[in-house]
$ cat my_file06.cif   # mmCIF, C-alpha atoms
data_start
loop_
_atom_site.label_atom_id
_atom_site.label_comp_id
_atom_site.auth_asym_id
_atom_site.auth_seq_id
_atom_site.Cartn_x
_atom_site.Cartn_y
_atom_site.Cartn_z
CA MET A 21 0.00 0.00 0.00
CA SER A 22 1.04 3.63 -0.55
CA LEU A 23 2.07 5.82 2.39
CA PRO A 24 -1.13 7.96 2.44
CA VAL A 25 -3.25 4.82 2.57
CA GLU A 26 -1.11 3.44 5.39
CA ILE A 27 -1.56 6.68 7.39
CA VAL A 28 -5.35 6.65 6.88
CA PHE A 29 -5.44 3.03 7.95
CA GLY A 30 -3.35 3.90 11.01
CA VAL A 31 -5.77 6.72 11.97
CA TYR A 32 -8.70 4.31 11.70
CA LEU A 33 -6.89 1.67 13.74
CA GLY A 34 -5.86 4.26 16.37
CA ILE A 35 -9.44 5.55 16.79
CA VAL A 36 -10.91 2.08 17.14
CA THR A 37 -8.18 0.92 19.51
CA GLY A 38 -7.93 4.18 21.47
CA ILE A 39 -11.56 4.44 22.63
CA VAL A 40 -11.04 2.28 25.72
CA PRO A 41 -7.67 3.87 26.74
CA ALA A 42 -9.15 7.37 26.31
CA LEU A 43 -12.19 6.48 28.42
CA VAL A 44 -10.02 5.03 31.20
CA ALA A 45 -7.63 8.00 31.12
CA GLY A 46 -10.51 10.48 31.31
CA VAL A 47 -12.21 8.72 34.23
CA LEU A 48 -8.95 8.36 36.17
CA GLY A 49 -8.05 12.00 35.52
CA PHE A 50 -11.45 13.13 36.86
CA LEU A 51 -11.30 10.90 39.95
CA PHE A 52 -7.74 11.89 40.89
CA LYS A 53 -8.49 15.61 40.52
CA TYR A 54 -11.85 15.44 42.31
CA VAL A 55 -10.76 13.26 45.22
CA THR A 56 -7.11 14.19 45.79
CA ASP A 57 -6.84 17.44 43.79
CA VAL A 58 -3.79 15.91 42.06
CA THR A 59 -3.22 15.82 38.28
CA ILE A 60 -1.86 12.58 36.80
CA PRO A 61 1.46 13.30 34.98
CA GLY A 62 1.40 13.04 31.20
CA LEU A 63 4.02 10.26 31.18
CA GLY A 64 1.78 8.17 33.38
CA VAL A 65 -1.10 8.68 30.96
CA VAL A 66 1.12 7.61 28.02
CA VAL A 67 2.28 4.41 29.74
CA LEU A 68 -1.27 3.56 30.85
CA ALA A 69 -2.74 4.24 27.42
CA LEU A 70 -0.16 2.11 25.60
CA ALA A 71 -0.59 -0.75 28.05
CA ILE A 72 -4.38 -0.75 27.69
CA ALA A 73 -4.16 -0.35 23.92
CA GLY A 74 -1.73 -3.27 23.72
CA VAL A 75 -4.09 -5.48 25.68
CA ASN A 76 -7.02 -4.13 23.66
CA GLY A 77 -5.42 -5.30 20.47
CA GLY A 78 -2.20 -5.36 18.51
CA LEU A 79 -0.17 -2.34 19.68
CA MET A 80 2.24 -4.30 21.80
CA ALA A 81 4.45 -4.11 18.74
CA LEU A 82 5.77 -0.72 19.82
CA ASN A 83 9.07 -2.28 20.97
CA ASP A 84 9.19 -5.00 18.32
CA GLN A 85 11.94 -3.94 15.89
CA THR A 86 10.85 -6.36 13.17
CA ILE A 87 7.32 -4.96 13.11
CA ARG A 88 8.49 -1.33 13.25
CA SER A 89 10.70 -1.94 10.26
CA SER A 90 8.07 -3.83 8.27
CA GLU A 91 5.98 -2.39 5.51
CA ARG A 92 3.02 -1.77 7.91
CA ALA A 93 5.14 0.40 10.21
CA PRO A 94 3.53 3.73 9.07
CA ALA A 95 0.04 2.46 9.95
CA LEU A 96 1.13 1.12 13.35
CA LEU A 97 3.05 4.25 14.30
CA THR A 98 0.13 6.45 13.21
CA ALA A 99 -2.24 4.33 15.31
CA ILE A 100 0.02 4.70 18.33
CA ILE A 101 0.09 8.49 17.93
CA VAL A 102 -3.73 8.64 17.60
CA VAL A 103 -4.18 6.50 20.73
CA LEU A 104 -1.86 8.75 22.74
CA MET A 105 -3.56 11.92 21.48
CA LEU A 106 -7.00 10.59 22.37
CA SER A 107 -5.85 9.48 25.81
CA LEU A 108 -4.08 12.74 26.63
CA TYR A 109 -7.10 14.79 25.46
CA ALA A 110 -9.53 12.66 27.47
CA HIS A 111 -7.31 12.94 30.53
CA ALA A 112 -7.13 16.74 30.20
CA GLN A 113 -10.91 16.99 29.96
CA GLY A 114 -11.41 14.67 32.93
CA ASP A 115 -8.91 16.68 34.98
CA LYS A 116 -10.70 19.91 34.06
CA LEU A 117 -14.06 18.45 35.01
CA GLY A 118 -12.72 17.21 38.34
CA ALA A 119 -11.50 20.72 39.17
CA SER A 120 -14.80 22.41 38.29
CA VAL A 121 -17.30 20.03 39.91
CA PRO A 122 -18.19 21.24 43.43
CA LYS A 123 -17.06 18.96 46.22
CA ARG A 124 -20.40 19.28 48.02
CA ILE A 125 -23.72 19.38 46.21
CA SER A 126 -26.72 20.33 48.33
CA ILE A 127 -30.43 20.56 47.68
CA ARG A 128 -30.12 24.32 48.02
CA GLN A 129 -27.62 24.48 45.15
CA LEU A 130 -29.95 22.43 43.00
CA ARG A 131 -32.72 24.95 43.73
CA ASP A 132 -30.51 27.88 42.69
CA ARG A 133 -31.38 27.44 39.05
CA THR A 134 -32.35 30.41 36.93
CA LEU A 135 -34.88 31.24 34.24
CA SER A 136 -34.60 30.21 30.63
CA ALA A 137 -33.17 32.97 28.45
CA ASP A 138 -36.15 32.97 26.07
CA VAL A 139 -38.55 34.29 28.75
CA VAL A 140 -36.38 37.28 29.74
CA GLU A 141 -37.41 40.69 28.43
CA LEU A 142 -34.91 43.56 28.28
CA VAL A 143 -36.32 46.87 29.47
CA GLY A 144 -34.06 49.88 29.90
CA GLY A 145 -30.96 47.73 29.66
CA ARG A 146 -32.08 45.42 32.46
CA GLY A 147 -33.76 42.06 32.23
CA ARG A 148 -37.19 41.44 33.66
CA VAL A 149 -39.60 38.55 33.48
CA GLY A 150 -43.35 38.33 33.64
CA VAL A 151 -44.44 35.33 35.71
CA GLU A 152 -47.61 33.64 34.52
CA VAL A 153 -49.80 31.66 36.90
CA ALA A 154 -50.30 28.26 35.27
CA GLY A 155 -53.59 26.52 35.93
CA GLU A 156 -55.99 27.31 38.74
CA VAL A 157 -54.91 28.79 42.05
CA SER A 158 -55.40 25.93 44.49
CA ASP A 159 -56.44 25.98 48.14
CA MET A 160 -54.09 25.20 51.00
CA GLU A 161 -54.78 22.26 53.25
CA GLY A 162 -56.14 23.25 56.64
CA TYR A 163 -57.56 26.60 55.49
CA PRO A 164 -60.98 27.65 54.16
CA PRO A 165 -61.44 27.84 50.37
CA LEU A 166 -60.06 30.92 48.65
CA PRO A 167 -62.73 33.43 47.49
CA ALA A 168 -63.41 33.32 43.75
CA GLU A 169 -62.53 37.02 43.30
CA THR A 170 -59.15 36.57 44.95
CA ARG A 171 -58.46 33.41 42.98
CA THR A 172 -59.24 35.18 39.70
CA ALA A 173 -57.22 38.27 40.62
CA ILE A 174 -54.12 36.17 41.36
CA ALA A 175 -54.46 34.08 38.21
CA GLU A 176 -55.00 37.08 35.91
CA GLY A 177 -52.60 39.50 37.60
CA GLU A 178 -49.42 40.85 36.02
CA TRP A 179 -46.42 39.72 38.04
CA THR A 180 -43.10 41.22 36.96
CA PHE A 181 -39.74 40.59 38.64
CA PRO A 182 -36.01 41.08 37.90
CA ALA A 183 -34.77 38.32 35.62
CA ASP A 184 -31.34 37.87 37.25
CA LEU A 185 -32.73 36.23 40.40
CA PRO A 186 -32.57 32.48 41.03
CA LEU A 187 -35.89 30.70 41.02
CA ARG A 188 -35.87 30.26 44.80
CA GLU A 189 -35.65 34.04 45.28
CA LEU A 190 -38.35 34.63 42.65
CA GLU A 191 -40.64 32.26 44.53
CA ASN A 192 -39.99 34.07 47.80
CA ARG A 193 -40.70 37.48 46.27
CA PHE A 194 -43.86 36.26 44.57
CA THR A 195 -45.07 34.79 47.86
CA GLU A 196 -44.36 38.04 49.73
CA ARG A 197 -46.29 40.06 47.16
CA LEU A 198 -49.28 37.76 47.41
CA LEU A 199 -49.29 37.93 51.20
CA THR A 200 -48.97 41.72 51.17
CA GLU A 201 -51.31 42.68 48.34
CA TYR A 202 -54.15 40.29 49.16
CA ASP A 203 -53.61 40.03 52.91
CA LEU A 204 -53.50 36.21 52.66
CA ALA A 205 -53.04 33.96 55.66
CA ASP A 206 -50.49 31.84 53.77
CA ALA A 207 -49.27 31.15 50.24
CA ALA A 208 -46.97 28.72 48.44
CA VAL A 209 -45.41 29.34 45.01
CA ARG A 210 -43.37 27.14 42.67
CA ILE A 211 -41.85 28.60 39.47
CA ASP A 212 -40.23 26.63 36.63
CA GLU A 213 -37.59 27.74 34.11
CA LYS A 214 -40.30 28.97 31.72
CA ALA A 215 -41.61 31.46 34.34
CA ARG A 216 -44.79 29.45 34.92
CA ALA A 217 -45.97 29.59 38.51
CA THR A 218 -48.04 27.10 40.48
CA VAL A 219 -49.79 28.92 43.31
CA ALA A 220 -51.64 27.73 46.40
CA ALA A 221 -53.13 30.32 48.73
CA ALA A 222 -55.20 30.63 51.90
CA PRO A 223 -57.74 33.42 52.46
CA PRO A 224 -57.31 36.03 55.20
CA ILE A 225 -58.22 34.80 58.67
CA GLY A 226 -59.67 37.61 60.70
CA GLY A 227 -59.73 41.27 59.79
CA LEU A 228 -58.86 43.85 62.38
CA SER A 229 -57.98 41.37 65.11
CA LYS A 230 -54.76 40.17 63.50
CA ARG A 231 -53.57 43.75 62.93
CA VAL A 232 -53.91 44.77 66.57
CA GLY A 233 -50.66 44.27 68.47
CA SER A 234 -50.32 42.70 71.88
CA GLY A 235 -51.51 45.03 74.65
CA LYS A 236 -53.33 47.30 72.19
CA ARG A 237 -57.03 47.95 71.58
CA ALA A 238 -58.81 48.93 68.37
CA VAL A 239 -61.13 51.96 68.53
CA SER A 240 -63.04 53.65 65.70
CA VAL A 241 -63.45 57.43 65.70
CA SER A 242 -65.57 59.59 63.40
CA ALA A 243 -63.60 62.51 61.97
CA LEU A 244 -62.76 64.57 58.93
CA VAL A 245 -60.37 62.09 57.36
CA PRO A 246 -57.38 63.39 55.34
CA THR A 247 -56.87 62.13 51.80
CA GLY A 248 -54.43 59.23 51.38
CA ILE A 249 -54.49 57.63 54.82
CA ALA A 250 -53.56 53.94 54.68
CA ARG A 251 -52.88 51.12 57.10
CA GLY A 252 -49.78 51.68 59.19
CA ASP A 253 -49.90 55.49 59.17
CA LEU A 254 -49.25 57.24 62.47
CA VAL A 255 -52.01 59.71 63.39
CA ARG A 256 -52.99 61.89 66.31
CA VAL A 257 -56.63 62.16 67.41
CA ILE A 258 -57.47 65.38 69.24
CA THR A 259 -60.56 65.31 71.49
CA PRO A 260 -61.88 67.93 73.89
CA ASP A 261 -60.36 66.06 76.82
CA ARG A 262 -57.09 64.60 75.59
CA THR A 263 -54.80 63.84 72.65
CA VAL A 264 -54.16 60.24 71.60
CA ASP A 265 -51.53 58.90 69.19
CA GLY A 266 -52.16 55.61 67.42
CA THR A 267 -51.50 53.49 64.34
CA VAL A 268 -54.13 53.28 61.63
CA ILE A 269 -55.29 49.71 61.06
CA ALA A 270 -58.36 50.63 58.97
CA ALA A 271 -59.94 53.75 57.50
CA ARG A 272 -62.60 54.88 55.10
CA SER A 273 -64.03 58.17 53.93
CA SER A 274 -66.92 59.37 51.77
CA GLY A 275 -65.06 62.01 49.79
CA GLU A 276 -67.57 64.61 51.01
CA VAL A 277 -67.37 67.20 53.76
CA LYS A 278 -70.50 67.71 55.85
CA ALA A 279 -71.50 70.35 58.32
CA PRO A 280 -70.63 69.63 61.96
CA SER A 281 -74.30 69.19 62.86
CA GLU A 282 -74.98 66.55 60.24
CA LYS A 283 -75.17 62.90 61.12
CA ARG A 284 -73.87 60.34 58.69
CA PRO A 285 -76.48 57.65 57.99
CA ALA A 286 -75.58 54.24 59.31
CA SER A 287 -76.30 52.71 55.90
CA ALA A 288 -73.96 55.02 53.99
CA ALA A 289 -71.80 53.07 51.60
CA PRO A 290 -68.07 53.58 51.27
CA SER A 291 -66.81 55.40 48.24
CA PRO A 292 -64.93 53.58 45.48
CA GLY A 293 -61.30 53.06 46.35
CA ASP A 294 -61.92 52.91 50.11
CA ASP A 295 -61.12 49.78 52.07
CA PRO A 296 -64.47 48.01 52.51
CA ASP A 297 -63.30 45.82 55.38
CA ALA A 298 -61.70 48.76 57.20
CA ASP A 299 -64.70 50.03 59.18
CA PRO A 300 -66.23 47.75 61.82
CA ASP A 301 -69.63 49.25 60.87
CA ALA A 302 -69.29 48.23 57.21
CA ARG A 303 -72.07 45.95 56.01
CA THR A 304 -72.52 43.61 53.08
CA ASP A 305 -75.56 41.96 51.56
CA GLY A 306 -74.20 38.46 51.98
CA GLY A 307 -72.00 36.31 49.77
CA GLU A 308 -68.26 36.57 49.53
CA ALA A 309 -66.51 39.63 50.85
CA PRO A 310 -65.29 42.06 48.18
CA LEU A 311 -61.61 41.85 47.31
CA PRO A 312 -59.61 44.63 49.00
CA ALA A 313 -57.52 46.90 46.85
CA PRO A 314 -53.81 46.12 46.90
CA ALA A 315 -53.00 49.45 48.57
CA PRO A 316 -56.22 50.94 50.06
CA THR A 317 -56.18 54.64 50.89
CA THR A 318 -58.86 57.11 51.83
CA THR A 319 -60.30 59.64 49.37
CA GLY A 320 -60.74 62.31 52.04
CA GLY A 321 -63.83 63.79 53.64
CA GLU A 322 -66.10 62.56 56.38
CA GLY A 323 -65.42 59.05 57.57
CA ARG A 324 -64.00 56.88 60.32
CA VAL A 325 -60.56 55.72 61.28
CA THR A 326 -59.77 52.68 63.40
CA LEU A 327 -56.65 52.99 65.53
CA ALA A 328 -54.57 50.61 67.60
CA VAL A 329 -54.00 52.40 70.92
CA ASP A 330 -53.17 51.58 74.52
CA ARG A 331 -55.97 50.38 76.79
CA ALA A 332 -56.16 53.65 78.74
CA ASP A 333 -56.38 55.69 75.55
CA ALA A 334 -59.00 53.32 74.17
CA SER A 335 -61.28 54.00 77.12
CA ALA A 336 -60.92 57.76 76.56
CA LEU A 337 -61.74 57.55 72.85
CA LEU A 338 -64.82 55.42 73.46
CA GLY A 339 -66.37 58.31 75.34
CA VAL A 340 -66.19 60.82 72.47
CA ASP A 341 -68.41 61.09 69.40
CA ARG A 342 -65.92 62.83 67.17
CA GLY A 343 -62.28 63.85 66.97
CA ARG A 344 -59.78 65.71 64.84
CA VAL A 345 -57.27 63.55 62.95
CA LEU A 346 -53.74 64.75 62.24
CA VAL A 347 -51.24 62.63 60.30
CA LEU A 348 -47.80 62.44 61.94
CA SER A 349 -44.54 62.40 60.01
CA ARG A 350 -42.44 59.27 60.11
CA GLY A 351 -39.33 61.14 59.04
CA THR A 352 -36.71 59.84 56.64
CA ARG A 353 -36.25 56.08 56.60
CA ARG A 354 -32.49 55.85 56.84
CA GLU A 355 -32.55 52.06 56.53
CA TYR A 356 -33.92 52.38 52.99
CA GLU A 357 -31.18 54.83 52.08
CA LEU A 358 -28.58 52.38 53.42
CA THR A 359 -30.12 49.56 51.42
CA THR A 360 -30.02 51.64 48.24
CA LEU A 361 -26.36 52.55 48.71
CA LEU A 362 -25.35 48.94 49.30
CA ARG A 363 -27.30 47.72 46.28
CA ARG A 364 -25.61 50.31 44.11
CA ALA A 365 -22.29 48.86 45.28
CA GLY A 366 -23.40 45.39 44.19
CA LYS A 367 -24.13 44.12 47.71
CA ARG A 368 -27.10 42.06 48.86
CA PHE A 369 -28.64 41.07 52.20
CA ARG A 370 -29.41 37.58 53.40
CA ARG A 371 -30.62 35.94 56.59
CA VAL A 372 -28.64 32.82 57.50
CA THR A 373 -29.39 30.33 60.28
CA VAL A 374 -26.53 28.44 61.94
CA VAL A 375 -27.03 24.67 61.68
CA ALA A 376 -26.01 22.23 64.40
CA GLY A 377 -22.68 20.55 63.66
CA GLY A 378 -21.74 23.09 60.99
CA PRO A 379 -18.45 25.01 60.82
CA LEU A 380 -20.04 28.01 62.58
CA ASP A 381 -21.61 26.09 65.46
CA GLY A 382 -19.73 26.55 68.74
CA HIS A 383 -17.37 29.27 67.48
CA THR A 384 -17.20 33.05 67.59
CA ILE A 385 -17.39 35.36 64.59
CA GLY A 386 -13.70 36.17 65.00
CA GLU A 387 -12.68 32.50 65.15
CA VAL A 388 -14.57 31.71 61.97
CA GLY A 389 -13.05 34.72 60.17
CA VAL A 390 -16.31 35.65 58.48
CA ARG A 391 -15.02 38.72 56.67
CA GLU A 392 -11.58 37.36 55.74
CA ARG A 393 -12.64 33.83 54.79
CA TYR A 394 -16.06 34.36 53.22
CA GLY A 395 -16.03 38.03 52.21
CA VAL A 396 -19.24 38.97 54.06
CA ALA A 397 -20.01 41.28 56.98
CA VAL A 398 -22.38 40.39 59.81
CA LEU A 399 -24.79 43.29 60.39
CA ALA A 400 -26.78 41.66 63.19
CA ALA A 401 -26.80 38.39 65.10
CA ARG A 402 -29.44 36.77 67.29
CA HIS A 403 -27.90 34.69 70.08
CA GLU A 404 -30.60 34.68 72.78
CA SER A 405 -31.16 38.36 71.84
CA TRP A 406 -30.40 40.52 68.81
CA THR A 407 -27.04 42.29 68.63
CA VAL A 408 -26.47 44.95 65.95
CA ALA A 409 -22.92 45.13 64.51
CA PRO A 410 -21.63 42.26 66.67
CA SER A 411 -17.97 42.08 67.59
CA GLY A 412 -15.59 39.25 66.83
CA SER A 413 -16.22 37.76 70.27
CA GLN A 414 -19.90 37.15 69.46
CA ALA A 415 -20.59 33.45 70.10
CA LEU A 416 -22.49 31.40 67.52
CA SER A 417 -24.51 28.28 68.13
CA ALA A 418 -27.13 26.17 66.37
CA GLY A 419 -30.33 28.11 65.71
CA ASP A 420 -28.72 31.56 65.76
CA ASP A 421 -29.84 33.95 63.00
CA LEU A 422 -27.37 36.19 61.19
CA PHE A 423 -28.06 39.09 58.85
CA VAL A 424 -25.07 39.30 56.51
CA VAL A 425 -24.22 41.54 53.57
CA GLY A 426 -21.94 40.85 50.60
CA ASN A 427 -22.03 40.04 46.91
CA ARG A 428 -24.07 37.09 45.68
CA ASP A 429 -21.15 34.65 45.39
CA ALA A 430 -19.88 35.47 48.88
CA LEU A 431 -23.37 35.11 50.35
CA ASP A 432 -23.80 31.73 48.64
CA ARG A 433 -20.47 30.50 50.04
CA PHE A 434 -21.29 31.69 53.54
CA ALA A 435 -24.83 30.22 53.48
CA GLU A 436 -23.39 26.90 52.36
CA ALA A 437 -20.77 27.03 55.12
CA ALA A 438 -23.44 27.68 57.73
CA LYS A 439 -24.89 24.26 56.89
#
$ encode --input "my_file06.cif" --output "structure tokens"
Amino acid sequence: MSLPVEIVFGVYLGIVTGIVPALVAGVLGFLFKYVTDVTIPGLGVVVLALAIAGVNGGLMALNDQTIRSSERAPALLTAIIVVLMLSLYAHAQGDKLGASVPKRISIRQLRDRTLSADVVELVGGRGRVGVEVAGEVSDMEGYPPLPAETRTAIAEGEWTFPADLPLRELENRFTERLLTEYDLADAAVRIDEKARATVAAAPPIGGLSKRVGSGKRAVSVSALVPTGIARGDLVRVITPDRTVDGTVIAARSSGEVKAPSEKRPASAAPSPGDDPDADPDARTDGGEAPLPAPAPTTTGGEGRVTLAVDRADASALLGVDRGRVLVLSRGTRREYELTTLLRRAGKRFRRVTVVAGGPLDGHTIGEVGVRERYGVAVLAARHESWTVAPSGSQALSAGDDLFVVGNRDALDRFAEAAK
């Protein structure tokens, strides 16, 4: 045969014979790198590949002078070269894979998957995704059925979130929005890579009662209600006898201003946009309760406000027919400004719980070297009680909660270490 034909035949023979040596070299390279973090030397790969290839068929002739000098020598030498190239390449890929595969794979890492690229929409240079509720919103076991209006509003709502979040974080944010906007007792959300959400929700349990804090009482007062009052606002009620400060837990207004001598009919209906479940005197004609607006505010005018106040103040307000309502300033929320500055610097917050038997359990923050080793800062720690900006001597034990700040990769490493 001519030399070109011999070389082609040698390439064919090398590929057929080199499959098994390449597979063995790749697997061994991966195992050595993954387990011992050691790379097998290239000479070792060559010796191993030739030995396996010789056993696999016919290449033991490498050291046979009569065969090397025969007329089939070009084919045999070409086959040997192909076998070595395949084995060295497979070993390099196995070694690379062994270095990149994480040593510990947890369920949390498996949940940190992200959305498919084809569902991401670019708006203003940033990606966002619209989550679609797939199927019917189901009820949660142990709770009453969800009202039809709420079920429809959740299923047909527009839910938009940043597209760079892992699915676990998207699920948490979706759940928080449902709980906040519809005042649900509980909710569970699962989102797949195509941004399709499966939602289960429980209707609100109780109205005013769950908004009244421990040691507080809820009292309704008729007044000229300012425009824009919402739940959580701080107001001051001025009566002829005393002044009472309280937190608004419900309010409604008619949008009209009446003379002081007028009496508002008991059957007066709330104006559109008011919170229908806000006033204890509100009445319905039966059937399911109307769905509250996501952010109910008053339209101004005559109405009633329900406040959470101390017991002594509650007794005083019950004895008056009418009061003057003043809205108090909350001032500047410095915590929001801090959050904005940290986000601009690429930092994020996360709450981490120390797990029993983990590397944090039984040590102090200084011993662990949180900042130096993991690249995060501990803003607050709860060890029996909350400590803001804890020192390095702060002890950590199983069940402690930590609020840490850092970039996403550092937070992921620290959260994994806490386990």
$ resolve_selection --input "my_file06.cif" --expression "the PyMOL selection byres ((chain A and resi 257) around 10)" --output "list in words"
Val241, Ala243, Val255, Arg256, Ile258, Thr259, Arg262, Thr263, Val264, Asp265, Gly266, Val325, Leu327, Leu337, Arg342, Gly343, Arg344, Val345, Leu346 and Val347 of chain A
$ atom_distance --input "my_file06.cif" --atom1 "atom CA of Gly320 of chain A" --atom2 "atom CA of Pro246 of chain A"
4.8 Å
$ residues_around --input "my_file06.cif" --residues "segment 208-213 of chain A" --least-positions-apart "6" --cutoff "12 Å" --atoms "all atoms listed in the file" --output "PyMOL selection string"
chain A and resi 131-140+149-154+157-161+174+183+185-199+219-222
$ write_last_selection --input "my_file06.cif" --atoms "C-alpha atoms" --output "short mmCIF file (atom, residue, chain, number, x, y, z; two decimals), in the frame of the given file"
data_model
loop_
_atom_site.label_atom_id
_atom_site.label_comp_id
_atom_site.auth_asym_id
_atom_site.auth_seq_id
_atom_site.Cartn_x
_atom_site.Cartn_y
_atom_site.Cartn_z
CA ARG A 131 -32.72 24.95 43.73
CA ASP A 132 -30.51 27.88 42.69
CA ARG A 133 -31.38 27.44 39.05
CA THR A 134 -32.35 30.41 36.93
CA LEU A 135 -34.88 31.24 34.24
CA SER A 136 -34.60 30.21 30.63
CA ALA A 137 -33.17 32.97 28.45
CA ASP A 138 -36.15 32.97 26.07
CA VAL A 139 -38.55 34.29 28.75
CA VAL A 140 -36.38 37.28 29.74
CA VAL A 149 -39.60 38.55 33.48
CA GLY A 150 -43.35 38.33 33.64
CA VAL A 151 -44.44 35.33 35.71
CA GLU A 152 -47.61 33.64 34.52
CA VAL A 153 -49.80 31.66 36.90
CA ALA A 154 -50.30 28.26 35.27
CA VAL A 157 -54.91 28.79 42.05
CA SER A 158 -55.40 25.93 44.49
CA ASP A 159 -56.44 25.98 48.14
CA MET A 160 -54.09 25.20 51.00
CA GLU A 161 -54.78 22.26 53.25
CA ILE A 174 -54.12 36.17 41.36
CA ALA A 183 -34.77 38.32 35.62
CA LEU A 185 -32.73 36.23 40.40
CA PRO A 186 -32.57 32.48 41.03
CA LEU A 187 -35.89 30.70 41.02
CA ARG A 188 -35.87 30.26 44.80
CA GLU A 189 -35.65 34.04 45.28
CA LEU A 190 -38.35 34.63 42.65
CA GLU A 191 -40.64 32.26 44.53
CA ASN A 192 -39.99 34.07 47.80
CA ARG A 193 -40.70 37.48 46.27
CA PHE A 194 -43.86 36.26 44.57
CA THR A 195 -45.07 34.79 47.86
CA GLU A 196 -44.36 38.04 49.73
CA ARG A 197 -46.29 40.06 47.16
CA LEU A 198 -49.28 37.76 47.41
CA LEU A 199 -49.29 37.93 51.20
CA VAL A 219 -49.79 28.92 43.31
CA ALA A 220 -51.64 27.73 46.40
CA ALA A 221 -53.13 30.32 48.73
CA ALA A 222 -55.20 30.63 51.90
#
$ residues_around --input "my_file06.cif" --residues "segment 58-70 of chain A" --least-positions-apart "6" --cutoff "8 Å" --atoms "all atoms listed in the file" --output "list in words"
Gly38, Pro41, Ala42, Ala45, Gly49, Phe52, Leu79, Met80, Ile100, Val103, Leu104, Ser107, Leu108, His111 and Asp115 of chain A
$ atom_distance --input "my_file06.cif" --atom1 "atom CA of Val28 of chain A" --atom2 "atom CA of Ala110 of chain A"
21.9 Å
$ atom_distance --input "my_file06.cif" --atom1 "atom CA of Glu201 of chain A" --atom2 "atom CA of Gly177 of chain A"
11.3 Å
$ residues_around --input "my_file06.cif" --residues "Leu422 of chain A" --least-positions-apart "3" --cutoff "7 Å" --atoms "all atoms listed in the file" --output "PyMOL selection string"
chain A and resi 371-373+398+400-402
$ resolve_selection --input "my_file06.cif" --expression "the PyMOL selection byres ((chain A and resi 329) around 8)" --output "list of chain:residue names"
A:Lys236, A:Arg237, A:Ala238, A:Val239, A:Val264, A:Asp265, A:Gly266, A:Thr267, A:Leu327, A:Ala328, A:Asp330, A:Arg331, A:Asp333, A:Ala334
$ closest_residue --input "my_file06.cif" --among "A:Ser22, A:Ser240, A:Ser411, A:Asn427" --to "Ala336 of chain A" --atoms "all atoms listed in the file"
A:Ser240
$ closest_residue --input "my_file06.cif" --among "A:Ala207, A:Ile101, A:Gly46, A:Val232" --to "Ile27 of chain A" --atoms "only C-alpha atoms"
A:Ile101
$ closest_residue --input "my_file06.cif" --among "A:Pro379, A:Gly34, A:Gly426, A:Gly386" --to "Leu362 of chain A" --atoms "only C-alpha atoms"
A:Gly426
$ closest_residue --input "my_file06.cif" --among "A:Arg272, A:Arg370, A:Lys214, A:Arg433" --to "Gly321 of chain A" --atoms "only C-alpha atoms"
A:Arg272
$ closest_residue --input "my_file06.cif" --among "A:Ile35, A:Leu204, A:Ala271, A:Val390" --to "Ala250 of chain A" --atoms "all atoms listed in the file"
A:Ala271
$ resolve_selection --input "my_file06.cif" --expression "the PyMOL selection byres ((chain A and resi 117) around 12)" --output "ChimeraX atom specification"
/A:46-55,57,59,110-116,118-123
